[in-house]
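Dropping work.cif in here (mmCIF, C-alpha atoms and all ligand atoms):
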```cif
data_data
#
loop_
_atom_site.label_atom_id
_atom_site.label_comp_id
_atom_site.auth_asym_id
_atom_site.auth_seq_id
_atom_site.Cartn_x
_atom_site.Cartn_y
_atom_site.Cartn_z
CA MET A 485 -17.21 -39.15 -0.05
CA THR A 486 -14.26 -41.52 -0.60
CA ILE A 487 -10.67 -40.82 0.27
CA GLU A 488 -8.44 -42.33 -2.42
CA GLU A 489 -4.75 -43.10 -2.17
CA ASN A 490 -1.95 -42.11 -4.55
CA ARG A 491 -3.93 -40.12 -7.06
CA SER A 492 -2.29 -38.09 -9.84
CA LEU A 493 -2.95 -34.34 -9.67
CA LYS A 494 -2.11 -33.73 -13.36
CA ILE A 495 -5.65 -32.76 -14.34
CA PHE A 496 -6.21 -30.77 -11.14
CA ASN A 497 -3.49 -28.14 -11.68
CA THR A 498 -3.42 -25.87 -14.72
CA PHE A 499 0.37 -26.23 -15.07
CA GLY A 500 -0.44 -29.90 -15.78
CA LEU A 501 2.26 -31.16 -13.43
CA PRO A 502 2.04 -34.93 -12.92
CA VAL A 503 2.62 -35.03 -9.17
CA GLN A 504 0.82 -37.47 -6.87
CA ALA A 505 -1.27 -36.88 -3.78
CA ARG A 506 -0.79 -39.39 -0.95
CA PHE A 507 -4.55 -39.04 -0.27
CA PHE A 508 -7.20 -37.38 -2.42
CA VAL A 509 -10.87 -36.59 -1.90
CA GLU A 510 -13.55 -34.68 -3.83
CA VAL A 511 -16.16 -32.87 -1.74
CA ASP A 512 -19.62 -32.08 -3.13
CA SER A 513 -21.28 -30.59 -0.05
CA LEU A 514 -20.72 -29.07 3.36
CA GLY A 515 -21.58 -32.50 4.81
CA ASP A 516 -18.73 -34.08 2.80
CA MET A 517 -16.35 -31.43 4.08
CA GLU A 518 -17.42 -32.06 7.66
CA GLU A 519 -16.68 -35.76 7.15
CA VAL A 520 -13.28 -34.90 5.70
CA ILE A 521 -12.19 -32.82 8.69
CA ALA A 522 -13.25 -35.65 11.00
CA SER A 523 -11.17 -38.21 9.06
CA SER A 524 -7.87 -39.62 10.31
CA GLU A 525 -6.20 -38.64 7.02
CA PHE A 526 -7.09 -34.99 7.66
CA LYS A 527 -6.06 -35.12 11.30
CA ASN A 528 -2.75 -36.92 10.78
CA TYR A 529 -1.45 -35.44 7.52
CA PRO A 530 -0.97 -32.02 5.97
CA HIS A 531 -3.79 -30.89 3.68
CA LEU A 532 -4.10 -28.90 0.49
CA ILE A 533 -7.38 -27.45 -0.78
CA LEU A 534 -7.71 -27.15 -4.55
CA GLY A 535 -10.29 -25.09 -6.38
CA GLY A 536 -9.49 -24.71 -10.06
CA GLY A 537 -5.80 -25.48 -9.43
CA SER A 538 -4.91 -22.38 -11.41
CA ASN A 539 -2.70 -20.68 -8.89
CA VAL A 540 -0.42 -23.44 -7.62
CA LEU A 541 3.01 -24.67 -8.59
CA LEU A 542 3.42 -28.20 -7.25
CA LEU A 543 7.11 -28.98 -6.82
CA LYS A 544 6.77 -32.58 -5.67
CA ASP A 545 4.33 -35.28 -4.63
CA PHE A 546 2.04 -34.01 -1.89
CA PRO A 547 2.57 -36.09 1.25
CA GLY A 548 -0.92 -35.51 2.68
CA LEU A 549 -4.60 -35.09 1.82
CA VAL A 550 -5.61 -33.06 -1.25
CA ILE A 551 -9.21 -31.83 -1.09
CA LYS A 552 -10.84 -30.97 -4.42
CA ASN A 553 -13.76 -28.60 -3.96
CA ASN A 554 -16.81 -29.49 -6.07
CA ILE A 555 -19.42 -27.60 -4.02
CA VAL A 556 -21.23 -25.75 -6.81
CA GLY A 557 -24.26 -23.50 -7.13
CA ILE A 558 -25.39 -19.91 -7.67
CA GLU A 559 -28.24 -18.22 -5.81
CA VAL A 560 -29.90 -14.81 -6.05
CA LEU A 561 -30.23 -13.77 -2.40
CA ASN A 562 -32.03 -10.50 -2.95
CA GLU A 563 -33.11 -8.63 -6.06
CA LYS A 564 -34.08 -4.96 -5.90
CA LYS A 565 -34.83 -2.35 -8.51
CA GLU A 566 -31.23 -1.20 -8.69
CA GLU A 567 -29.14 -4.04 -7.35
CA VAL A 568 -28.80 -7.75 -6.77
CA LEU A 569 -27.09 -9.78 -4.09
CA LEU A 570 -25.63 -12.86 -5.74
CA LYS A 571 -24.15 -15.81 -3.86
CA GLY A 572 -21.80 -18.34 -5.43
CA LEU A 573 -20.78 -21.61 -3.80
CA SER A 574 -17.04 -21.98 -3.63
CA GLY A 575 -16.45 -24.85 -6.07
CA THR A 576 -18.31 -23.06 -8.88
CA LEU A 577 -16.08 -22.10 -11.78
CA TRP A 578 -15.41 -18.37 -11.46
CA HIS A 579 -16.20 -17.72 -15.11
CA HIS A 580 -19.62 -19.44 -14.76
CA PHE A 581 -20.42 -17.13 -11.88
CA VAL A 582 -19.43 -14.08 -13.97
CA MET A 583 -21.46 -15.32 -16.95
CA TYR A 584 -24.54 -15.81 -14.75
CA ALA A 585 -24.37 -12.09 -13.91
CA VAL A 586 -23.39 -10.92 -17.41
CA GLU A 587 -26.26 -12.79 -19.10
CA ARG A 588 -28.70 -10.96 -16.85
CA GLY A 589 -27.08 -7.56 -17.45
CA TRP A 590 -25.97 -7.28 -13.82
CA GLY A 591 -22.76 -5.29 -13.68
CA GLY A 592 -19.66 -5.45 -11.51
CA LEU A 593 -17.90 -8.66 -12.52
CA GLU A 594 -17.67 -8.28 -16.32
CA ASN A 595 -14.03 -7.11 -16.29
CA LEU A 596 -13.21 -10.33 -14.44
CA SER A 597 -14.56 -12.54 -17.23
CA LEU A 598 -12.47 -15.61 -18.01
CA VAL A 599 -10.26 -15.28 -14.91
CA PRO A 600 -9.37 -18.93 -14.27
CA GLY A 601 -10.11 -20.69 -11.00
CA SER A 602 -13.07 -21.09 -8.69
CA VAL A 603 -15.39 -18.79 -6.77
CA GLY A 604 -13.80 -19.94 -3.51
CA ALA A 605 -10.32 -19.01 -4.66
CA SER A 606 -11.36 -15.52 -5.76
CA PRO A 607 -11.21 -13.86 -2.32
CA MET A 608 -7.98 -15.64 -1.34
CA GLN A 609 -6.06 -13.27 -3.56
CA ASN A 610 -8.70 -10.64 -4.32
CA ILE A 611 -8.59 -11.45 -8.03
CA GLY A 612 -8.29 -8.50 -10.38
CA ALA A 613 -8.18 -7.70 -14.07
CA TYR A 614 -8.71 -4.73 -16.39
CA GLY A 615 -8.93 -2.15 -13.62
CA VAL A 616 -11.39 -4.06 -11.38
CA GLU A 617 -10.82 -6.14 -8.25
CA LEU A 618 -13.19 -8.55 -6.55
CA LYS A 619 -13.26 -6.39 -3.41
CA GLU A 620 -15.28 -3.71 -5.25
CA THR A 621 -18.42 -5.88 -5.41
CA PHE A 622 -17.64 -8.24 -2.54
CA VAL A 623 -20.03 -8.22 0.42
CA GLU A 624 -19.13 -11.22 2.58
CA LEU A 625 -18.10 -14.86 2.58
CA GLU A 626 -18.94 -17.95 4.57
CA ALA A 627 -16.11 -20.21 5.67
CA LEU A 628 -15.69 -23.39 7.66
CA GLU A 629 -13.07 -23.27 10.38
CA LEU A 630 -11.06 -26.42 9.81
CA ALA A 631 -9.99 -26.90 13.43
CA THR A 632 -13.48 -26.63 14.93
CA GLY A 633 -15.99 -27.26 12.12
CA THR A 634 -17.79 -23.99 12.90
CA ILE A 635 -19.03 -21.68 10.15
CA ARG A 636 -18.02 -18.06 10.26
CA ILE A 637 -19.04 -15.05 8.17
CA PHE A 638 -16.27 -12.69 7.09
CA THR A 639 -17.21 -9.16 6.07
CA LYS A 640 -15.22 -7.33 3.42
CA GLU A 641 -13.23 -5.48 6.11
CA GLU A 642 -12.43 -8.72 7.89
CA CYS A 643 -10.99 -10.20 4.69
CA LYS A 644 -8.30 -7.44 4.66
CA PHE A 645 -8.12 -7.30 0.88
CA GLY A 646 -5.12 -5.79 -0.87
CA TYR A 647 -3.53 -6.18 -4.31
CA ARG A 648 -3.68 -9.98 -4.78
CA GLU A 649 -3.89 -10.25 -0.99
CA SER A 650 -6.27 -11.20 1.80
CA ILE A 651 -6.17 -12.40 5.39
CA PHE A 652 -6.46 -15.96 4.03
CA LYS A 653 -2.94 -15.76 2.60
CA HIS A 654 -1.52 -14.52 5.92
CA GLU A 655 -2.90 -14.68 9.50
CA LEU A 656 -5.56 -17.23 8.54
CA LYS A 657 -3.57 -19.23 6.01
CA ASP A 658 -4.84 -22.86 5.89
CA LYS A 659 -7.28 -22.22 8.74
CA TYR A 660 -10.54 -21.90 6.79
CA PHE A 661 -12.35 -23.58 3.91
CA ILE A 662 -14.34 -20.99 1.98
CA LEU A 663 -17.91 -22.18 1.37
CA SER A 664 -19.43 -19.27 -0.55
CA ILE A 665 -19.07 -15.62 -1.43
CA THR A 666 -21.73 -12.94 -1.88
CA VAL A 667 -21.35 -9.96 -4.21
CA ARG A 668 -23.46 -6.86 -4.78
CA LEU A 669 -24.14 -6.23 -8.48
CA SER A 670 -25.74 -3.23 -10.13
CA LYS A 671 -28.53 -3.14 -12.69
CA HIS A 672 -27.26 0.25 -13.87
CA PRO A 673 -23.52 -0.17 -13.55
CA LYS A 674 -20.86 2.36 -14.31
CA LEU A 675 -18.86 0.33 -16.82
CA ARG A 676 -15.06 0.35 -16.59
CA THR A 677 -13.66 0.61 -20.07
CA ASP A 678 -10.65 2.79 -19.29
CA TYR A 679 -8.09 0.03 -18.72
CA GLY A 680 -5.74 -1.23 -21.38
CA ASP A 681 -7.26 -2.38 -24.61
CA ILE A 682 -10.95 -2.47 -23.65
CA ALA A 683 -11.84 0.86 -25.28
CA ARG A 684 -9.95 -0.08 -28.46
CA VAL A 685 -11.69 -3.46 -28.76
CA LEU A 686 -15.11 -1.84 -28.23
CA VAL A 687 -14.40 0.58 -31.08
CA GLU A 688 -13.22 -2.30 -33.28
CA ASN A 689 -16.47 -4.11 -32.49
CA GLY A 690 -18.43 -1.00 -33.49
CA VAL A 691 -19.84 -0.55 -29.98
CA THR A 692 -20.59 3.02 -28.99
CA GLU A 693 -22.83 2.50 -25.96
CA PRO A 694 -21.42 -0.59 -24.29
CA THR A 695 -23.47 -2.98 -22.22
CA VAL A 696 -22.23 -5.33 -19.51
CA LYS A 697 -22.10 -8.07 -22.16
CA ASP A 698 -20.07 -5.89 -24.58
CA VAL A 699 -17.42 -5.25 -21.91
CA SER A 700 -17.33 -8.92 -21.00
CA ASP A 701 -16.95 -9.88 -24.68
CA ALA A 702 -14.11 -7.38 -25.09
CA VAL A 703 -12.30 -8.72 -22.00
CA ILE A 704 -12.73 -12.28 -23.23
CA SER A 705 -11.27 -11.47 -26.62
CA ILE A 706 -8.30 -9.59 -25.11
CA ARG A 707 -7.56 -12.40 -22.68
CA LYS A 708 -7.80 -15.01 -25.43
CA SER A 709 -5.39 -13.06 -27.60
CA LYS A 710 -2.76 -12.61 -24.87
CA LEU A 711 -3.06 -15.39 -22.35
CA PRO A 712 -2.37 -18.99 -23.28
CA ASP A 713 -5.15 -21.56 -22.80
CA PRO A 714 -4.03 -24.03 -20.09
CA LYS A 715 -5.57 -26.81 -22.20
CA GLU A 716 -2.96 -26.05 -24.84
CA PHE A 717 0.03 -25.06 -22.69
CA GLY A 718 0.13 -25.51 -18.93
CA ASN A 719 0.29 -22.18 -17.10
CA SER A 720 -1.16 -20.37 -14.11
CA GLY A 721 -1.81 -16.89 -15.48
CA SER A 722 0.46 -14.20 -14.07
CA PHE A 723 3.29 -15.90 -12.27
CA PHE A 724 4.55 -12.73 -10.53
CA LYS A 725 2.88 -9.73 -8.94
CA ASN A 726 3.43 -6.25 -10.28
CA PRO A 727 5.79 -4.60 -7.79
CA GLU A 728 4.97 -1.31 -6.12
CA VAL A 729 7.83 1.08 -5.45
CA THR A 730 8.09 4.49 -3.80
CA ARG A 731 7.90 7.55 -6.02
CA GLU A 732 11.55 8.25 -5.28
CA VAL A 733 12.63 4.81 -6.52
CA TYR A 734 10.38 5.17 -9.56
CA GLU A 735 11.80 8.55 -10.51
CA LYS A 736 15.37 7.28 -10.35
CA LEU A 737 14.47 4.37 -12.62
CA ALA A 738 12.49 6.59 -14.99
CA GLU A 739 15.60 8.72 -15.64
CA GLN A 740 17.30 5.61 -16.97
CA TYR A 741 14.20 4.05 -18.60
CA PRO A 742 11.96 6.89 -19.80
CA ASP A 743 9.60 4.44 -21.58
CA MET A 744 8.88 2.41 -18.46
CA PRO A 745 5.10 1.99 -18.05
CA ASN A 746 3.91 3.05 -14.60
CA TYR A 747 0.67 3.30 -12.66
CA PRO A 748 0.41 5.53 -9.56
CA THR A 749 -1.49 3.83 -6.74
CA THR A 750 -3.90 5.52 -4.35
CA GLN A 751 -1.36 4.98 -1.54
CA GLY A 752 1.20 7.25 -3.25
CA MET A 753 3.30 4.37 -4.57
CA VAL A 754 3.97 3.50 -8.22
CA LYS A 755 3.18 0.13 -9.73
CA ILE A 756 5.56 -1.03 -12.45
CA PRO A 757 4.46 -3.90 -14.73
CA ALA A 758 6.59 -6.94 -14.00
CA ALA A 759 5.92 -8.11 -17.58
CA TRP A 760 7.72 -5.06 -18.94
CA MET A 761 10.79 -5.61 -16.78
CA ILE A 762 10.88 -9.31 -17.64
CA GLU A 763 10.67 -8.41 -21.32
CA GLN A 764 13.49 -5.85 -20.95
CA CYS A 765 15.64 -8.60 -19.47
CA GLY A 766 15.16 -10.63 -22.65
CA TRP A 767 12.93 -13.39 -21.25
CA LYS A 768 9.76 -12.76 -23.24
CA GLY A 769 9.05 -15.67 -25.56
CA LYS A 770 12.28 -17.35 -24.54
CA ARG A 771 12.10 -21.10 -24.11
CA VAL A 772 14.28 -22.88 -21.55
CA GLY A 773 13.97 -26.67 -21.81
CA ASN A 774 10.28 -27.47 -21.36
CA THR A 775 9.41 -24.08 -19.87
CA GLY A 776 9.54 -20.45 -20.85
CA SER A 777 7.99 -17.01 -20.61
CA HIS A 778 4.96 -16.60 -22.90
CA ALA A 779 5.58 -14.81 -26.21
CA ARG A 780 2.49 -12.58 -25.88
CA GLN A 781 2.56 -11.90 -22.10
CA ALA A 782 5.94 -12.13 -20.40
CA LEU A 783 4.37 -12.48 -16.93
CA VAL A 784 3.03 -15.92 -17.77
CA LEU A 785 5.31 -18.93 -17.41
CA ILE A 786 4.53 -21.98 -19.49
CA ASN A 787 4.90 -25.73 -19.32
CA TYR A 788 5.44 -26.70 -22.96
CA GLY A 789 4.93 -30.32 -21.93
CA GLY A 790 6.94 -32.55 -19.66
CA ALA A 791 8.26 -29.78 -17.40
CA THR A 792 8.64 -30.43 -13.70
CA GLY A 793 7.60 -28.00 -10.99
CA SER A 794 11.25 -27.54 -10.07
CA GLU A 795 12.14 -26.60 -13.66
CA ILE A 796 9.46 -23.90 -13.63
CA LYS A 797 10.62 -22.71 -10.21
CA LYS A 798 14.21 -22.53 -11.49
CA LEU A 799 13.08 -20.38 -14.43
CA ALA A 800 11.15 -18.13 -12.01
CA ASP A 801 14.22 -17.77 -9.77
CA ASP A 802 16.42 -16.92 -12.76
CA ILE A 803 13.91 -14.28 -13.91
CA ILE A 804 13.79 -12.80 -10.40
CA ALA A 805 17.60 -12.65 -10.31
CA SER A 806 17.92 -10.89 -13.65
CA VAL A 807 15.17 -8.34 -12.89
CA LYS A 808 16.89 -7.66 -9.56
CA GLU A 809 20.22 -7.15 -11.28
CA LYS A 810 18.89 -4.81 -13.98
CA PHE A 811 16.28 -2.84 -12.03
CA GLY A 812 17.13 -3.42 -8.36
CA ILE A 813 13.57 -4.68 -7.79
CA THR A 814 12.76 -8.08 -6.31
CA LEU A 815 9.71 -9.64 -7.93
CA SER A 816 7.44 -11.71 -5.75
CA MET A 817 5.52 -14.72 -6.96
CA GLU A 818 1.77 -14.58 -7.33
CA VAL A 819 1.28 -18.35 -7.45
CA ASN A 820 1.48 -20.54 -4.37
CA VAL A 821 4.55 -22.74 -4.51
CA ILE A 822 3.88 -26.02 -2.71
N1 LIG A 901 3.72 -5.43 -20.88
C1 LIG A 901 4.97 -5.63 -21.40
N2 LIG A 901 5.32 -6.86 -21.85
C2 LIG A 901 4.45 -7.90 -21.84
C3 LIG A 901 3.15 -7.71 -21.31
C4 LIG A 901 2.82 -6.46 -20.83
O1 LIG A 901 5.79 -4.71 -21.46
O2 LIG A 901 4.83 -8.99 -22.24
C5 LIG A 901 3.33 -4.11 -20.39
C6 LIG A 901 2.19 -3.55 -21.20
O3 LIG A 901 2.65 -2.83 -22.27
C7 LIG A 901 1.45 -2.72 -20.22
C8 LIG A 901 1.72 -3.36 -18.89
O4 LIG A 901 2.82 -4.23 -19.07
O5 LIG A 901 2.03 -1.44 -20.15
C9 LIG A 901 0.52 -4.10 -18.32
O6 LIG A 901 0.19 -5.22 -19.11
P1 LIG A 901 -1.20 -6.00 -19.02
O7 LIG A 901 -2.33 -5.06 -19.17
O8 LIG A 901 -1.11 -7.16 -19.95
O9 LIG A 901 -1.31 -6.50 -17.52
P2 LIG A 901 -0.31 -7.03 -16.41
O10 LIG A 901 -0.06 -5.92 -15.44
O11 LIG A 901 0.89 -7.67 -17.01
C10 LIG A 901 -2.27 -7.71 -14.82
C11 LIG A 901 -2.72 -8.90 -14.04
C12 LIG A 901 -3.39 -9.93 -14.96
C13 LIG A 901 -4.57 -9.26 -15.64
C14 LIG A 901 -4.05 -8.05 -16.41
C15 LIG A 901 -5.15 -7.27 -17.05
C16 LIG A 901 -1.16 -9.06 -12.17
C17 LIG A 901 -0.07 -9.83 -11.53
N3 LIG A 901 -1.59 -9.51 -13.36
O12 LIG A 901 -1.22 -8.13 -15.71
O13 LIG A 901 -3.89 -10.97 -14.14
O14 LIG A 901 -5.23 -10.15 -16.51
O15 LIG A 901 -3.37 -7.16 -15.51
O16 LIG A 901 -5.83 -6.58 -16.07
O17 LIG A 901 -1.63 -8.08 -11.60
C18 LIG A 901 -3.44 -13.14 -13.28
O18 LIG A 901 -3.44 -12.63 -12.17
O19 LIG A 901 -3.27 -14.38 -13.44
C19 LIG A 901 -3.63 -12.30 -14.45
C20 LIG A 901 -3.56 -12.78 -15.68
#
```

Translate the structure described by the file into structure tokens.
Amino acid sequence: MTIEENRSLKIFNTFGLPVQARFFVEVDSLGDMEEVIASSEFKNYPHLILGGGSNVLLLKDFPGLVIKNNIVGIEVLNEKKEEVLLKGLSGTLWHHFVMYAVERGWGGLENLSLVPGSVGASPMQNIGAYGVELKETFVELEALELATGTIRIFTKEECKFGYRESIFKHELKDKYFILSITVRLSKHPKLRTDYGDIARVLVENGVTEPTVKDVSDAVISIRKSKLPDPKEFGNSGSFFKNPEVTREVYEKLAEQYPDMPNYPTTQGMVKIPAAWMIEQCGWKGKRVGNTGSHARQALVLINYGGATGSEIKKLADDIIASVKEKFGITLSMEVNVI
């Protein structure tokens, strides 16, 4: 484990922003991480933990220690006739973890195929796609308390998962380093093909009795067709969350916008796709300098090359202002602005 000075973070964030870290270290094991938290750089400077770097917008050089998590591995903890407990170490690429399960026909994660980022980042915001959230298969996680170096297990309840939310974004923000997660997968899963385009793609592919792999393949092809590849254009997936409003607010808006897509939540609220509102405000596919909203998914902001974090933030603020003006709804950002 070596702590470097003044390292560029360009390849460590999917927006491709060329900011510098004052100090930078890659950790390959729990032992490395224990050394890091004992170091003077960790004790005397702010820190930032990076997994896949797919959910951060870096506005300027980071004046402290950036820790890149490379602790990788996947382990079957327990295999029964019907189900499997699968553990992933936090630096593992999320998609590798999903593919490990999909290749074996173990169901539960297939709708989350190709979600960018790492296993350790997945519980931070309870990742979700195509009608499925991590919390549905999640069992527990192991995390290192940064202040004390002790390892603690968090059960699903203790993680306080919500829509793109967990305790690690709030009460326990920056307090823990996630070491691993464990999920419960099913050998006879009830496949979720109801969301969005999955059913259509399955039909197109001539699939009548889908397997875990078929659903994963469908999700991968939908994502590839809509979401830009960060290798081509810097981006961090959805930039904003889909807002939830009360039924009363929704009904008022629906009078004015009868075509507005809407999804009732189990808590009696209504979720309105931010992408739709952004599109209605004329931002979809619009380029502003080196940034813009993606032409095939308005919720994704793009670095066309050479953009700064502040330019992207300015675009985000302008989008928030125009959605507020037209719909009276304040969008909140899904990415962490640092
Ligand atoms: N829509 C538009 N314009 C667009 C895109 C979408 O009007 O440019 C409308 C669609 O017609 C549809 C609705 O918005 O009625 C929902 O669209 P979509 O299924 O593409 O999903 P989303 O709500 O925009 C969410 C997640 C994505 C995830 C997809 C698929 C959030 C913030 N985003 O997007 O997650 O892949 O559903 O499940 O919840 C991410 O978090 O980085 C991410 C990509």

May I have a table of the residues of chain A lying at most 6 Å from ligand LIG 901 (chain A), giving each one's closest pair of atoms and their distance in Å to one decimal, counting all atoms listed in the file, ordered by chain and ascending residue number, as a Markdown table?
```
| residue | atom | partner | partner_atom | distance |
| --- | --- | --- | --- | --- |
| A:Ala613 | CA | A:LIG901 | O16 | 3.3 |
| A:Tyr614 | CA | A:LIG901 | O16 | 3.4 |
| A:Gly615 | CA | A:LIG901 | O16 | 5.9 |
| A:Gly680 | CA | A:LIG901 | O7 | 5.6 |
| A:Gly721 | CA | A:LIG901 | O19 | 3.5 |
| A:Ser722 | CA | A:LIG901 | O19 | 3.8 |
| A:Phe724 | CA | A:LIG901 | C17 | 5.5 |
| A:Lys725 | CA | A:LIG901 | C17 | 3.9 |
| A:Asn726 | CA | A:LIG901 | C17 | 5.2 |
| A:Pro745 | CA | A:LIG901 | O5 | 5.1 |
| A:Pro757 | CA | A:LIG901 | O4 | 4.7 |
| A:Ala759 | CA | A:LIG901 | N2 | 4.5 |
| A:Trp760 | CA | A:LIG901 | O1 | 3.2 |
| A:Glu763 | CA | A:LIG901 | N2 | 5.6 |
| A:Arg780 | CA | A:LIG901 | O2 | 5.6 |
| A:Gln781 | CA | A:LIG901 | O2 | 3.7 |
| A:Ala782 | CA | A:LIG901 | O2 | 3.8 |
| A:Leu783 | CA | A:LIG901 | O11 | 5.9 |
```

### Query
Any idea what the distance is between CA of Ala738 in chain A and CA of Ile804 in chain A?
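Computing it gives 20.0 Å between the two atoms.
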
### Task
Could you tell me how far CA of Leu737 in chain A lies from CA of Ile813 in chain A, in Å and to one decimal?
10.3 Å

### Straight-line distance linking CA of Lys710 in chain A with CA of Leu570 in chain A, stated in Å to one decimal
29.8 Å

### Query
If you count all atoms listed in the file, which residues fall within 10 Å of range 535-547 of chain A, apart from same-chain ones fewer than 5 positions away, as a ChimeraX atom specification?
/A:490-508,529-530,552-555,574-578,599-606,609,714,718-723,792-797,818-822

### Test item: residues at most 7 Å from Ser664 in chain A, all atoms listed in the file, excluding those fewer than 6 positions along its chain, as number ranges by chain
A: 571-574, 604, 625-626

### Message
Counting all atoms listed in the file, which residue out of A:Leu663, A:Ala779, A:Val784, A:Val729 sits closest to Gly752 in chain A?
### Response
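The answer is A:Val729, which sits nearest to Gly752 in chain A.
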
### Who sits within 10 Å of Val685 in chain A, only C-alpha atoms, same chain under 6 positions skipped, as a ChimeraX atom specification
/A:677,691,698-699,701-703,705-706

### Message
Residues within 9 Å of (-18.8, -10.1, -16.9), file coordinates, counting only C-alpha atoms: what are they? Give the list as an MDAnalysis selection string.
### Response
chainID A and resid 579 581:587 589:598 696:701 703

Near Thr632 in chain A, counting only C-alpha atoms, which residues have an atom at most 12 Å away, once you skip same-chain residues fewer than 3 positions from it, shown as an mmCIF file with C-alpha atoms, in the coordinates of the input?
```
data_model
loop_
_atom_site.group_PDB
_atom_site.id
_atom_site.type_symbol
_atom_site.label_atom_id
_atom_site.label_comp_id
_atom_site.auth_asym_id
_atom_site.auth_seq_id
_atom_site.Cartn_x
_atom_site.Cartn_y
_atom_site.Cartn_z
ATOM 1 C CA GLU A 518 -17.420 -32.060 7.660
ATOM 2 C CA ILE A 521 -12.190 -32.820 8.690
ATOM 3 C CA ALA A 522 -13.250 -35.650 11.000
ATOM 4 C CA LYS A 527 -6.060 -35.120 11.300
ATOM 5 C CA ALA A 627 -16.110 -20.210 5.670
ATOM 6 C CA LEU A 628 -15.690 -23.390 7.660
ATOM 7 C CA GLU A 629 -13.070 -23.270 10.380
ATOM 8 C CA ILE A 635 -19.030 -21.680 10.150
ATOM 9 C CA ARG A 636 -18.020 -18.060 10.260
ATOM 10 C CA LYS A 659 -7.280 -22.220 8.740
ATOM 11 C CA TYR A 660 -10.540 -21.900 6.790
ATOM 12 C CA PHE A 661 -12.350 -23.580 3.910
#
```

Please put the answer as lines of an AutoDock Vina configuration file: centre and edge lengths, in Å with one decimal, of a box along x, y and z that encloses all listed atoms of range 630-647 of chain A plus 6 Å on each side.
```
center_x = -11.3
center_y = -16.4
center_z = 5.3
size_x = 27.5
size_y = 33.8
size_z = 31.2
```

### Task
Using only C-alpha atoms, find the one residue out of A:Asn689, A:Asp681, A:Tyr647, A:Asp512 that sits nearest to Lys755 in chain A.
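Selected residue with least distance to Lys755 in chain A: A:Tyr647.
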
### Message
Residues proximal to (-23.1, -0.9, -6.7) were defined as those with any atom within 8 Å of that point in the file's coordinates, counting only C-alpha atoms. Which are they, as a ChimeraX atom specification?
### Response
/A:567,592,621,668-670,673

### Task
Would you kindly return, as number ranges by chain, each protein, DNA or RNA residue with an atom no farther than 10 Å from any atom of Tyr734 in chain A, considering all atoms listed in the file and excluding same-chain residues fewer than 3 positions away?
A: 728-731, 737-739, 741, 744, 746, 748, 753-756

#### Entry: Residue nearest Phe638 in chain A among A:Ile665, A:Leu675, A:Met761, A:Val568 (counting all atoms listed in the file)
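The closest residue to Phe638 in chain A is A:Ile665.
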
Could you rebuild range 564-572 of chain A with N, CA, C and O atoms and give me the result as an mmCIF file, in the coordinates of the input?
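File selection.cif, as written:
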```
data_model
loop_
_atom_site.group_PDB
_atom_site.id
_atom_site.type_symbol
_atom_site.label_atom_id
_atom_site.label_comp_id
_atom_site.auth_asym_id
_atom_site.auth_seq_id
_atom_site.Cartn_x
_atom_site.Cartn_y
_atom_site.Cartn_z
ATOM 1 N N LYS A 564 -33.360 -6.226 -6.050
ATOM 2 C CA LYS A 564 -34.080 -4.960 -5.900
ATOM 3 C C LYS A 564 -34.105 -4.264 -7.249
ATOM 4 O O LYS A 564 -33.566 -4.773 -8.221
ATOM 5 N N LYS A 565 -34.714 -3.080 -7.257
ATOM 6 C CA LYS A 565 -34.830 -2.350 -8.510
ATOM 7 C C LYS A 565 -33.455 -2.023 -9.101
ATOM 8 O O LYS A 565 -33.223 -2.107 -10.297
ATOM 9 N N GLU A 566 -32.535 -1.667 -8.227
ATOM 10 C CA GLU A 566 -31.230 -1.200 -8.690
ATOM 11 C C GLU A 566 -30.113 -2.232 -8.564
ATOM 12 O O GLU A 566 -29.120 -2.150 -9.266
ATOM 13 N N GLU A 567 -30.276 -3.146 -7.602
ATOM 14 C CA GLU A 567 -29.140 -4.040 -7.350
ATOM 15 C C GLU A 567 -29.547 -5.455 -6.981
ATOM 16 O O GLU A 567 -30.709 -5.708 -6.654
ATOM 17 N N VAL A 568 -28.564 -6.331 -7.026
ATOM 18 C CA VAL A 568 -28.800 -7.750 -6.770
ATOM 19 C C VAL A 568 -27.698 -8.278 -5.860
ATOM 20 O O VAL A 568 -26.520 -7.951 -6.059
ATOM 21 N N LEU A 569 -28.099 -9.081 -4.886
ATOM 22 C CA LEU A 569 -27.090 -9.780 -4.090
ATOM 23 C C LEU A 569 -26.993 -11.197 -4.622
ATOM 24 O O LEU A 569 -27.980 -11.930 -4.627
ATOM 25 N N LEU A 570 -25.807 -11.550 -5.101
ATOM 26 C CA LEU A 570 -25.630 -12.860 -5.740
ATOM 27 C C LEU A 570 -24.611 -13.678 -4.931
ATOM 28 O O LEU A 570 -23.531 -13.193 -4.603
ATOM 29 N N LYS A 571 -25.026 -14.924 -4.649
ATOM 30 C CA LYS A 571 -24.150 -15.810 -3.860
ATOM 31 C C LYS A 571 -23.646 -16.936 -4.747
ATOM 32 O O LYS A 571 -24.418 -17.527 -5.502
ATOM 33 N N GLY A 572 -22.367 -17.231 -4.662
ATOM 34 C CA GLY A 572 -21.800 -18.340 -5.430
ATOM 35 C C GLY A 572 -21.152 -19.326 -4.463
ATOM 36 O O GLY A 572 -20.409 -18.916 -3.563
#
```
